[in-house]
file input.tsv (TSV, C-alpha atoms)
chain	number	residue	atom	x	y	z
Y	1033	MET	CA	112.42	102.86	128.22
Y	1034	ALA	CA	111.04	102.49	124.73
Y	1035	LYS	CA	113.22	103.25	121.75
Y	1036	THR	CA	111.98	105.71	119.14
Y	1037	VAL	CA	112.26	104.94	115.48
Y	1038	ILE	CA	111.44	107.56	112.87
Y	1039	VAL	CA	109.94	105.85	109.85
Y	1040	SER	CA	109.87	108.14	106.89
Y	1041	CYS	CA	108.93	108.09	103.26
Y	1042	GLY	CA	107.83	110.60	100.66
Y	1043	THR	CA	104.23	111.08	101.67
Y	1044	ALA	CA	104.01	109.28	105.02
Y	1045	ILE	CA	101.11	107.31	103.60
Y	1046	ALA	CA	102.22	104.13	101.96
Y	1047	THR	CA	105.76	102.83	102.29
Y	1048	SER	CA	106.31	104.13	105.82
Y	1049	THR	CA	103.09	102.43	106.91
Y	1050	VAL	CA	104.39	99.07	105.73
Y	1051	ALA	CA	107.81	99.64	107.26
Y	1052	ALA	CA	106.47	100.90	110.61
Y	1053	LYS	CA	104.25	97.86	111.00
Y	1054	ALA	CA	107.08	95.49	110.15
Y	1055	ILE	CA	109.45	97.23	112.56
Y	1056	GLU	CA	106.89	97.10	115.38
Y	1057	GLU	CA	106.35	93.38	114.81
Y	1058	ALA	CA	110.06	92.61	114.64
Y	1059	CYS	CA	110.68	94.51	117.87
Y	1060	LYS	CA	107.77	92.79	119.59
Y	1061	GLN	CA	109.22	89.41	118.64
Y	1062	ALA	CA	112.63	90.48	119.90
Y	1063	GLY	CA	111.22	91.82	123.15
Y	1064	ILE	CA	112.29	95.39	122.41
Y	1065	GLN	CA	109.95	98.23	123.32
Y	1066	VAL	CA	109.63	100.60	120.43
Y	1067	VAL	CA	107.62	103.61	119.39
Y	1068	THR	CA	107.49	104.39	115.68
Y	1069	LYS	CA	106.94	107.91	114.40
Y	1070	GLN	CA	105.75	107.91	110.83
Y	1071	CYS	CA	106.50	111.06	108.87
Y	1072	LYS	CA	107.37	112.66	105.57
Y	1073	ALA	CA	111.00	113.26	104.64
Y	1074	ALA	CA	110.55	116.99	105.29
Y	1075	GLU	CA	109.42	116.32	108.87
Y	1076	ILE	CA	112.37	114.19	109.95
Y	1077	GLN	CA	114.33	116.99	111.62
Y	1078	GLY	CA	111.38	117.87	113.80
Y	1079	TYR	CA	111.14	114.31	115.09
Y	1080	ILE	CA	114.89	114.10	115.63
Y	1081	ASN	CA	114.59	117.20	117.82
Y	1082	GLN	CA	112.01	115.40	119.93
Y	1083	GLY	CA	114.44	112.56	120.49
Y	1084	ALA	CA	114.90	109.47	118.34
Y	1085	ASP	CA	117.25	106.52	118.22
Y	1086	LEU	CA	117.06	105.52	114.58
Y	1087	ILE	CA	115.69	106.58	111.22
Y	1088	VAL	CA	114.34	104.01	108.80
Y	1089	THR	CA	113.57	105.65	105.51
Y	1090	THR	CA	112.46	104.85	102.00
Y	1091	THR	CA	113.52	108.17	100.56
Y	1092	GLN	CA	116.96	109.50	99.91
Y	1093	MET	CA	118.28	111.28	103.01
Y	1094	ARG	CA	119.38	114.77	102.06
Y	1095	PHE	CA	121.22	115.61	105.25
Y	1096	ASP	CA	123.23	113.90	107.98
Y	1097	PRO	CA	120.84	113.49	110.90
Y	1098	GLY	CA	123.44	112.54	113.53
Y	1099	ILE	CA	121.66	109.29	114.37
Y	1100	PRO	CA	121.79	105.95	112.51
Y	1101	VAL	CA	119.89	105.72	109.24
Y	1102	ILE	CA	118.75	102.46	107.73
Y	1103	ASN	CA	117.31	102.03	104.26
Y	1104	GLY	CA	113.75	100.72	104.60
Y	1105	LEU	CA	113.29	99.60	101.01
Y	1106	PRO	CA	113.67	95.90	101.91
Y	1107	PHE	CA	110.32	96.09	103.72
Y	1108	LEU	CA	108.74	96.75	100.35
Y	1109	THR	CA	110.82	94.71	97.99
Y	1110	GLY	CA	111.73	91.87	100.33
Y	1111	VAL	CA	115.30	92.02	99.05
Y	1112	GLY	CA	117.53	91.87	102.13
Y	1113	LYS	CA	114.58	92.08	104.52
Y	1114	ASP	CA	116.04	89.70	107.12
Y	1115	LYS	CA	119.28	91.63	107.19
Y	1116	VAL	CA	117.57	94.96	107.58
Y	1117	ILE	CA	115.58	93.67	110.52
Y	1118	GLU	CA	118.84	92.38	112.06
Y	1119	ASP	CA	120.45	95.78	111.55
Y	1120	ILE	CA	117.52	97.62	113.10
Y	1121	LEU	CA	117.40	95.35	116.15
Y	1122	GLU	CA	121.15	95.74	116.59
Y	1123	VAL	CA	120.90	99.52	116.66
Y	1124	LEU	CA	118.00	99.44	119.10
Y	1125	ARG	CA	119.64	96.95	121.44
Y	1126	ASP	CA	122.45	99.39	122.29
D	117	MET	CA	90.64	94.48	102.55
D	118	LYS	CA	93.08	93.29	99.97
D	119	ILE	CA	94.39	94.38	96.60
D	120	LYS	CA	91.38	93.02	94.70
D	121	ASP	CA	89.05	95.12	96.81
D	122	PHE	CA	90.72	98.29	95.62
D	123	LEU	CA	91.39	97.36	92.05
D	124	SER	CA	88.61	97.61	89.50
D	125	GLN	CA	88.88	95.83	86.18
D	126	GLU	CA	88.79	99.13	84.32
D	127	ALA	CA	91.90	100.28	86.16
D	128	VAL	CA	94.00	97.39	84.89
D	129	ILE	CA	95.97	97.66	81.66
D	130	ILE	CA	97.81	94.72	80.16
D	131	GLY	CA	100.79	95.18	77.90
D	132	LEU	CA	100.73	98.98	77.97
D	133	GLU	CA	103.07	100.48	75.41
D	134	ALA	CA	104.74	103.53	76.86
D	135	ASP	CA	107.94	105.40	76.16
D	136	SER	CA	108.38	106.94	79.56
D	137	SER	CA	107.36	106.83	83.18
D	138	GLU	CA	105.47	110.07	82.59
D	139	GLU	CA	103.35	108.37	79.97
D	140	VAL	CA	102.55	105.46	82.27
D	141	ILE	CA	101.58	107.81	85.07
D	142	ARG	CA	99.39	109.87	82.75
D	143	VAL	CA	97.57	106.83	81.42
D	144	LEU	CA	97.00	105.09	84.77
D	145	GLY	CA	96.25	108.34	86.56
D	146	GLY	CA	93.87	109.30	83.79
D	147	LYS	CA	91.98	106.04	84.25
D	148	LEU	CA	91.61	106.59	87.99
D	149	ARG	CA	90.45	110.15	87.33
D	150	ASP	CA	87.89	109.07	84.74
D	151	LEU	CA	86.60	106.42	87.12
D	152	GLY	CA	86.07	109.11	89.73
D	153	TYR	CA	88.65	107.99	92.29
D	154	VAL	CA	91.02	110.91	92.02
D	155	LYS	CA	90.81	114.63	91.37
D	156	GLU	CA	91.65	116.57	88.23
D	157	ASP	CA	95.09	117.57	89.50
D	158	PHE	CA	96.09	114.08	90.63
D	159	VAL	CA	98.04	113.29	87.47
D	160	GLU	CA	100.14	116.46	87.59
D	161	ALA	CA	100.79	115.91	91.29
D	162	ALA	CA	101.83	112.32	90.63
D	163	LEU	CA	104.20	113.44	87.88
D	164	GLU	CA	105.75	116.07	90.13
D	165	ARG	CA	106.14	113.63	92.97
D	166	GLU	CA	107.78	111.08	90.72
D	167	ARG	CA	110.26	113.73	89.58
D	168	ASN	CA	111.22	114.66	93.15
D	169	MET	CA	110.76	111.40	94.95
D	170	PRO	CA	110.80	108.52	92.49
D	171	THR	CA	109.09	105.24	93.23
D	172	GLY	CA	111.12	102.66	91.33
D	173	LEU	CA	111.72	99.43	93.26
D	174	PRO	CA	114.42	96.98	92.19
D	175	LEU	CA	113.04	93.58	93.13
D	176	GLY	CA	116.16	91.57	92.51
D	177	GLY	CA	114.64	89.27	89.91
D	178	GLU	CA	113.43	89.33	86.36
D	179	TYR	CA	110.94	92.14	86.92
D	180	ASN	CA	110.95	95.46	88.72
D	181	ALA	CA	108.02	97.57	89.81
D	182	ALA	CA	107.15	101.19	90.45
D	183	ILE	CA	104.48	102.39	92.86
D	184	PRO	CA	103.59	105.98	91.97
D	185	HIS	CA	101.41	107.75	94.53
D	186	VAL	CA	100.81	111.19	96.05
D	187	ASP	CA	99.29	113.00	98.97
D	188	ILE	CA	95.76	112.22	100.08
D	189	GLU	CA	94.45	115.66	99.12
D	190	TYR	CA	94.35	114.60	95.46
D	191	VAL	CA	92.26	111.52	96.09
D	192	HIS	CA	88.48	111.19	96.38
D	193	LYS	CA	88.37	107.50	97.18
D	194	SER	CA	91.14	104.94	97.68
D	195	ALA	CA	91.86	102.82	94.64
D	196	LEU	CA	94.66	101.05	92.86
D	197	GLY	CA	95.61	101.14	89.21
D	198	LEU	CA	97.82	98.48	87.69
D	199	ALA	CA	99.64	98.23	84.39
D	200	THR	CA	101.90	95.59	82.96
D	201	LEU	CA	104.20	97.17	80.41
D	202	LYS	CA	104.98	95.71	77.02
D	203	GLU	CA	108.54	96.97	77.25
D	204	PRO	CA	110.37	98.01	80.43
D	205	VAL	CA	110.18	101.72	81.20
D	206	VAL	CA	112.77	103.55	83.27
D	207	PHE	CA	111.73	104.79	86.69
D	208	TYR	CA	114.23	105.96	89.28
D	209	ASN	CA	115.19	104.23	92.50
D	210	MET	CA	113.23	105.34	95.55
D	211	VAL	CA	116.25	105.51	97.82
D	212	GLU	CA	119.02	106.27	95.33
D	213	ASN	CA	117.30	108.74	93.12
D	214	ASP	CA	119.81	108.78	90.30
D	215	LYS	CA	119.76	105.03	89.77
D	216	GLU	CA	117.63	103.79	86.90
D	217	VAL	CA	115.16	100.98	87.50
D	218	PRO	CA	113.63	99.53	84.35
D	219	CYS	CA	110.10	98.53	85.37
D	220	GLN	CA	107.63	96.17	83.83
D	221	LEU	CA	104.94	96.42	86.49
D	222	VAL	CA	103.40	99.65	87.73
D	223	ILE	CA	100.95	99.82	90.60
D	224	MET	CA	99.49	103.25	91.17
D	225	LEU	CA	98.31	103.83	94.74
D	226	ALA	CA	95.59	106.41	95.29
D	227	LEU	CA	95.07	106.55	99.04
D	228	ASP	CA	92.61	108.84	100.79
D	229	GLN	CA	94.01	108.40	104.30
D	230	PRO	CA	97.51	108.34	105.74
D	231	LYS	CA	98.71	105.42	107.87
D	232	ALA	CA	95.59	103.46	106.98
D	233	GLN	CA	94.72	100.64	104.65
D	234	ILE	CA	97.53	98.69	106.24
D	235	GLU	CA	96.20	95.39	104.97
D	236	MET	CA	96.06	96.60	101.40
D	237	LEU	CA	99.55	98.06	101.59
D	238	GLN	CA	100.91	94.93	103.17
D	239	SER	CA	99.32	92.79	100.50
D	240	THR	CA	100.85	95.06	97.86
D	241	ALA	CA	104.26	94.63	99.49
D	242	GLY	CA	103.56	90.90	99.63
D	243	LEU	CA	102.83	90.91	95.92
D	244	LEU	CA	106.10	92.72	95.24
D	245	GLN	CA	107.90	90.08	97.24
D	246	SER	CA	106.47	87.09	95.37
D	247	PRO	CA	108.29	86.43	92.11
D	248	GLU	CA	105.76	83.72	91.22
D	249	VAL	CA	102.82	86.10	91.58
D	250	ILE	CA	104.58	88.79	89.57
D	251	GLU	CA	105.43	86.25	86.86
D	252	ARG	CA	101.78	85.22	86.59
D	253	ILE	CA	100.67	88.84	86.48
D	254	MET	CA	103.21	89.69	83.80
D	255	LYS	CA	102.21	86.69	81.71
D	256	ALA	CA	98.46	87.20	82.08
D	257	GLY	CA	96.82	87.46	78.69
D	258	SER	CA	93.63	89.04	79.93
D	259	VAL	CA	92.42	91.20	82.78
D	260	ALA	CA	90.50	88.18	84.10
D	261	ASP	CA	93.69	86.07	84.15
D	262	LEU	CA	95.52	88.86	85.89
D	263	PHE	CA	92.87	89.09	88.59
D	264	GLU	CA	93.16	85.33	89.14
D	265	ALA	CA	96.86	85.81	89.84
D	266	LEU	CA	96.36	88.50	92.48
D	267	PRO	CA	96.81	87.53	96.12
call {"tool": "encode", "arguments": {"input": "input.tsv", "output": "structure tokens"}}
result
Amino acid sequence: MAKTVIVSCGTAIATSTVAAKAIEEACKQAGIQVVTKQCKAAEIQGYINQGADLIVTTTQMRFDPGIPVINGLPFLTGVGKDKVIEDILEVLRD
Amino acid sequence: MKIKDFLSQEAVIIGLEADSSEEVIRVLGGKLRDLGYVKEDFVEAALERERNMPTGLPLGGEYNAAIPHVDIEYVHKSALGLATLKEPVVFYNMVENDKEVPCQLVIMLALDQPKAQIEMLQSTAGLLQSPEVIERIMKAGSVADLFEALP
């Protein structure tokens, strides 16, 4: 069954687009089925309610969502990108 | 479509002198508005967004960048604006909003569709991840030189 990753940023236009694409590619390479749901920070709770395994965000989380949260900034800056992909795959492999 | 396809020469400023992130946003946003890419209220919206959800990105090297942008409703037609700053200007960290990020490079993204322009966004991210490209951009003495340096 595919894993669901919420990919969020401020406007759901720019940074989450880059992150979602990168996550999809990393999962494809790792043989993990994933569905990404791109959204604004304000919409996160709604997507959690629909069922999600992980949040990757490039905004500051303002609440505890009850599922793992990973900082998606490395997809933009490149700093720590390999590690963040590792971390994401590890969460999704469970 | 890559960065160059969205960036017009008139929307590039080299060595901008600014005292604050607000000033940078006003100047770049003003350019995009005058060129017809964004609406009248784009600049105010960009300022508000930057206050609530800052766009400073620490790149881990000599230079940092900020990527101010807002919702599509303020944009007529997708375009980029780019400024290299004479002196670093403080923006705040996108993910840790109270952390200061002194930025020398500002790329304003005016996007008219969500989840689109993936190539352009990816090439912007690629730019941010290439210290050599950023160095060339920062050292460019003219808009023409700067364009040469773009991926």
call {"tool": "atom_distance", "arguments": {"input": "input.tsv", "atom1": "CA of Gln229 (chain D)", "atom2": "CA of Cys1041 (chain Y)"}}
result
15.0 Å
call {"tool": "closest_residue", "arguments": {"input": "input.tsv", "among": "D:Gly131, D:Pro170, D:Gly152, D:Pro247", "to": "Thr1109 (chain Y)", "atoms": "all atoms listed in the file"}}
result
D:Pro247
call {"tool": "closest_residue", "arguments": {"input": "input.tsv", "among": "Y:Gln1070, Y:Gln1077, Y:Gln1065, Y:Ser1040", "to": "Ile1099 (chain Y)", "atoms": "all atoms listed in the file"}}
result
Y:Gln1077
call {"tool": "residues_around", "arguments": {"input": "input.tsv", "residues": "region 1073-1075 of chain Y", "least_positions_apart": "2", "cutoff": "12 Å", "atoms": "all atoms listed in the file", "output": "ChimeraX atom specification"}}
result
/Y:1038-1045,1047-1048,1069-1071,1077-1082,1087-1095,1097 /D:168-169,211
call {"tool": "write_last_selection", "arguments": {"input": "input.tsv", "atoms": "C-alpha atoms", "output": "short mmCIF file (atom, residue, chain, number, x, y, z; two decimals), keeping the file's coordinate frame"}}
result
data_model
loop_
_atom_site.label_atom_id
_atom_site.label_comp_id
_atom_site.auth_asym_id
_atom_site.auth_seq_id
_atom_site.Cartn_x
_atom_site.Cartn_y
_atom_site.Cartn_z
CA ILE Y 1038 111.44 107.56 112.87
CA VAL Y 1039 109.94 105.85 109.85
CA SER Y 1040 109.87 108.14 106.89
CA CYS Y 1041 108.93 108.09 103.26
CA GLY Y 1042 107.83 110.60 100.66
CA THR Y 1043 104.23 111.08 101.67
CA ALA Y 1044 104.01 109.28 105.02
CA ILE Y 1045 101.11 107.31 103.60
CA THR Y 1047 105.76 102.83 102.29
CA SER Y 1048 106.31 104.13 105.82
CA LYS Y 1069 106.94 107.91 114.40
CA GLN Y 1070 105.75 107.91 110.83
CA CYS Y 1071 106.50 111.06 108.87
CA GLN Y 1077 114.33 116.99 111.62
CA GLY Y 1078 111.38 117.87 113.80
CA TYR Y 1079 111.14 114.31 115.09
CA ILE Y 1080 114.89 114.10 115.63
CA ASN Y 1081 114.59 117.20 117.82
CA GLN Y 1082 112.01 115.40 119.93
CA ILE Y 1087 115.69 106.58 111.22
CA VAL Y 1088 114.34 104.01 108.80
CA THR Y 1089 113.57 105.65 105.51
CA THR Y 1090 112.46 104.85 102.00
CA THR Y 1091 113.52 108.17 100.56
CA GLN Y 1092 116.96 109.50 99.91
CA MET Y 1093 118.28 111.28 103.01
CA ARG Y 1094 119.38 114.77 102.06
CA PHE Y 1095 121.22 115.61 105.25
CA PRO Y 1097 120.84 113.49 110.90
CA ASN D 168 111.22 114.66 93.15
CA MET D 169 110.76 111.40 94.95
CA VAL D 211 116.25 105.51 97.82
#
call {"tool": "interface_residues", "arguments": {"input": "input.tsv", "of": "chain D", "to": "chain Y", "cutoff": "7 Å", "atoms": "all atoms listed in the file", "output": "list in words"}}
result
Met169, Leu173, Leu175, Gly176, Val186, Asp187, Met210, Val211, Glu212, Asn213, Pro230, Lys231, Ile234, Leu237, Gln238, Ala241, Leu244 and Gln245 of chain D
call {"tool": "residues_around", "arguments": {"input": "input.tsv", "residues": "Leu196 (chain D)", "least_positions_apart": "5", "cutoff": "6 Å", "atoms": "only C-alpha atoms", "output": "ChimeraX atom specification"}}
result
/D:122-123,224-226
call {"tool": "decode", "arguments": {"input": "input.tsv", "residues": "region 158-183 of chain D", "atoms": "N, CA and C atoms", "output": "PDB file, in the first residue's frame"}}
result
ATOM      1  N   PHE D 158       0.667  43.198  -5.237  1.00  0.00           N
ATOM      2  CA  PHE D 158       1.681  42.151  -5.077  1.00  0.00           C
ATOM      3  C   PHE D 158       2.710  42.511  -4.009  1.00  0.00           C
ATOM      4  N   VAL D 159       3.205  43.745  -4.075  1.00  0.00           N
ATOM      5  CA  VAL D 159       4.288  44.130  -3.157  1.00  0.00           C
ATOM      6  C   VAL D 159       3.832  44.038  -1.699  1.00  0.00           C
ATOM      7  N   GLU D 160       2.656  44.584  -1.411  1.00  0.00           N
ATOM      8  CA  GLU D 160       2.152  44.515  -0.030  1.00  0.00           C
ATOM      9  C   GLU D 160       1.972  43.063   0.403  1.00  0.00           C
ATOM     10  N   ALA D 161       1.456  42.259  -0.503  1.00  0.00           N
ATOM     11  CA  ALA D 161       1.236  40.836  -0.185  1.00  0.00           C
ATOM     12  C   ALA D 161       2.568  40.146   0.079  1.00  0.00           C
ATOM     13  N   ALA D 162       3.573  40.498  -0.717  1.00  0.00           N
ATOM     14  CA  ALA D 162       4.890  39.876  -0.543  1.00  0.00           C
ATOM     15  C   ALA D 162       5.501  40.288   0.794  1.00  0.00           C
ATOM     16  N   LEU D 163       5.297  41.558   1.165  1.00  0.00           N
ATOM     17  CA  LEU D 163       5.823  42.035   2.445  1.00  0.00           C
ATOM     18  C   LEU D 163       5.158  41.309   3.597  1.00  0.00           C
ATOM     19  N   GLU D 164       3.833  41.179   3.504  1.00  0.00           N
ATOM     20  CA  GLU D 164       3.075  40.494   4.557  1.00  0.00           C
ATOM     21  C   GLU D 164       3.512  39.037   4.665  1.00  0.00           C
ATOM     22  N   ARG D 165       3.655  38.400   3.549  1.00  0.00           N
ATOM     23  CA  ARG D 165       4.058  36.995   3.552  1.00  0.00           C
ATOM     24  C   ARG D 165       5.426  36.830   4.201  1.00  0.00           C
ATOM     25  N   GLU D 166       6.325  37.725   3.844  1.00  0.00           N
ATOM     26  CA  GLU D 166       7.682  37.645   4.373  1.00  0.00           C
ATOM     27  C   GLU D 166       7.678  37.828   5.887  1.00  0.00           C
ATOM     28  N   ARG D 167       6.762  38.654   6.374  1.00  0.00           N
ATOM     29  CA  ARG D 167       6.646  38.862   7.823  1.00  0.00           C
ATOM     30  C   ARG D 167       6.168  37.595   8.516  1.00  0.00           C
ATOM     31  N   ASN D 168       5.191  36.917   7.920  1.00  0.00           N
ATOM     32  CA  ASN D 168       4.610  35.726   8.549  1.00  0.00           C
ATOM     33  C   ASN D 168       5.360  34.444   8.246  1.00  0.00           C
ATOM     34  N   MET D 169       5.812  34.346   7.018  1.00  0.00           N
ATOM     35  CA  MET D 169       6.488  33.117   6.598  1.00  0.00           C
ATOM     36  C   MET D 169       7.725  33.504   5.808  1.00  0.00           C
ATOM     37  N   PRO D 170       8.802  33.790   6.531  1.00  0.00           N
ATOM     38  CA  PRO D 170      10.000  34.300   5.862  1.00  0.00           C
ATOM     39  C   PRO D 170      10.618  33.297   4.888  1.00  0.00           C
ATOM     40  N   THR D 171      11.445  33.843   3.981  1.00  0.00           N
ATOM     41  CA  THR D 171      11.977  32.997   2.916  1.00  0.00           C
ATOM     42  C   THR D 171      13.500  32.958   2.876  1.00  0.00           C
ATOM     43  N   GLY D 172      14.137  33.239   4.000  1.00  0.00           N
ATOM     44  CA  GLY D 172      15.596  33.209   4.029  1.00  0.00           C
ATOM     45  C   GLY D 172      16.117  31.779   3.999  1.00  0.00           C
ATOM     46  N   LEU D 173      17.137  31.533   3.174  1.00  0.00           N
ATOM     47  CA  LEU D 173      17.700  30.196   3.044  1.00  0.00           C
ATOM     48  C   LEU D 173      19.196  30.210   3.330  1.00  0.00           C
ATOM     49  N   PRO D 174      19.612  29.594   4.432  1.00  0.00           N
ATOM     50  CA  PRO D 174      21.052  29.515   4.692  1.00  0.00           C
ATOM     51  C   PRO D 174      21.653  28.443   3.793  1.00  0.00           C
ATOM     52  N   LEU D 175      22.615  28.839   2.951  1.00  0.00           N
ATOM     53  CA  LEU D 175      23.136  27.896   1.973  1.00  0.00           C
ATOM     54  C   LEU D 175      24.419  27.206   2.421  1.00  0.00           C
ATOM     55  N   GLY D 176      24.897  27.568   3.590  1.00  0.00           N
ATOM     56  CA  GLY D 176      26.054  26.851   4.117  1.00  0.00           C
ATOM     57  C   GLY D 176      27.383  27.287   3.570  1.00  0.00           C
ATOM     58  N   GLY D 177      27.402  28.358   2.783  1.00  0.00           N
ATOM     59  CA  GLY D 177      28.674  28.809   2.216  1.00  0.00           C
ATOM     60  C   GLY D 177      28.867  30.287   2.459  1.00  0.00           C
ATOM     61  N   GLU D 178      29.475  30.927   1.490  1.00  0.00           N
ATOM     62  CA  GLU D 178      29.780  32.346   1.645  1.00  0.00           C
ATOM     63  C   GLU D 178      28.520  33.212   1.488  1.00  0.00           C
ATOM     64  N   TYR D 179      27.587  32.735   0.691  1.00  0.00           N
ATOM     65  CA  TYR D 179      26.406  33.539   0.393  1.00  0.00           C
ATOM     66  C   TYR D 179      25.126  32.831   0.816  1.00  0.00           C
ATOM     67  N   ASN D 180      24.138  33.625   1.177  1.00  0.00           N
ATOM     68  CA  ASN D 180      22.803  33.086   1.446  1.00  0.00           C
ATOM     69  C   ASN D 180      21.821  33.768   0.510  1.00  0.00           C
ATOM     70  N   ALA D 181      20.654  33.136   0.366  1.00  0.00           N
ATOM     71  CA  ALA D 181      19.667  33.696  -0.555  1.00  0.00           C
ATOM     72  C   ALA D 181      18.292  33.743   0.085  1.00  0.00           C
ATOM     73  N   ALA D 182      17.441  34.602  -0.445  1.00  0.00           N
ATOM     74  CA  ALA D 182      16.040  34.631  -0.028  1.00  0.00           C
ATOM     75  C   ALA D 182      15.194  34.500  -1.290  1.00  0.00           C
ATOM     76  N   ILE D 183      14.039  33.870  -1.157  1.00  0.00           N
ATOM     77  CA  ILE D 183      13.191  33.670  -2.333  1.00  0.00           C
ATOM     78  C   ILE D 183      11.773  34.153  -2.066  1.00  0.00           C
TER      79      ILE D 183
END
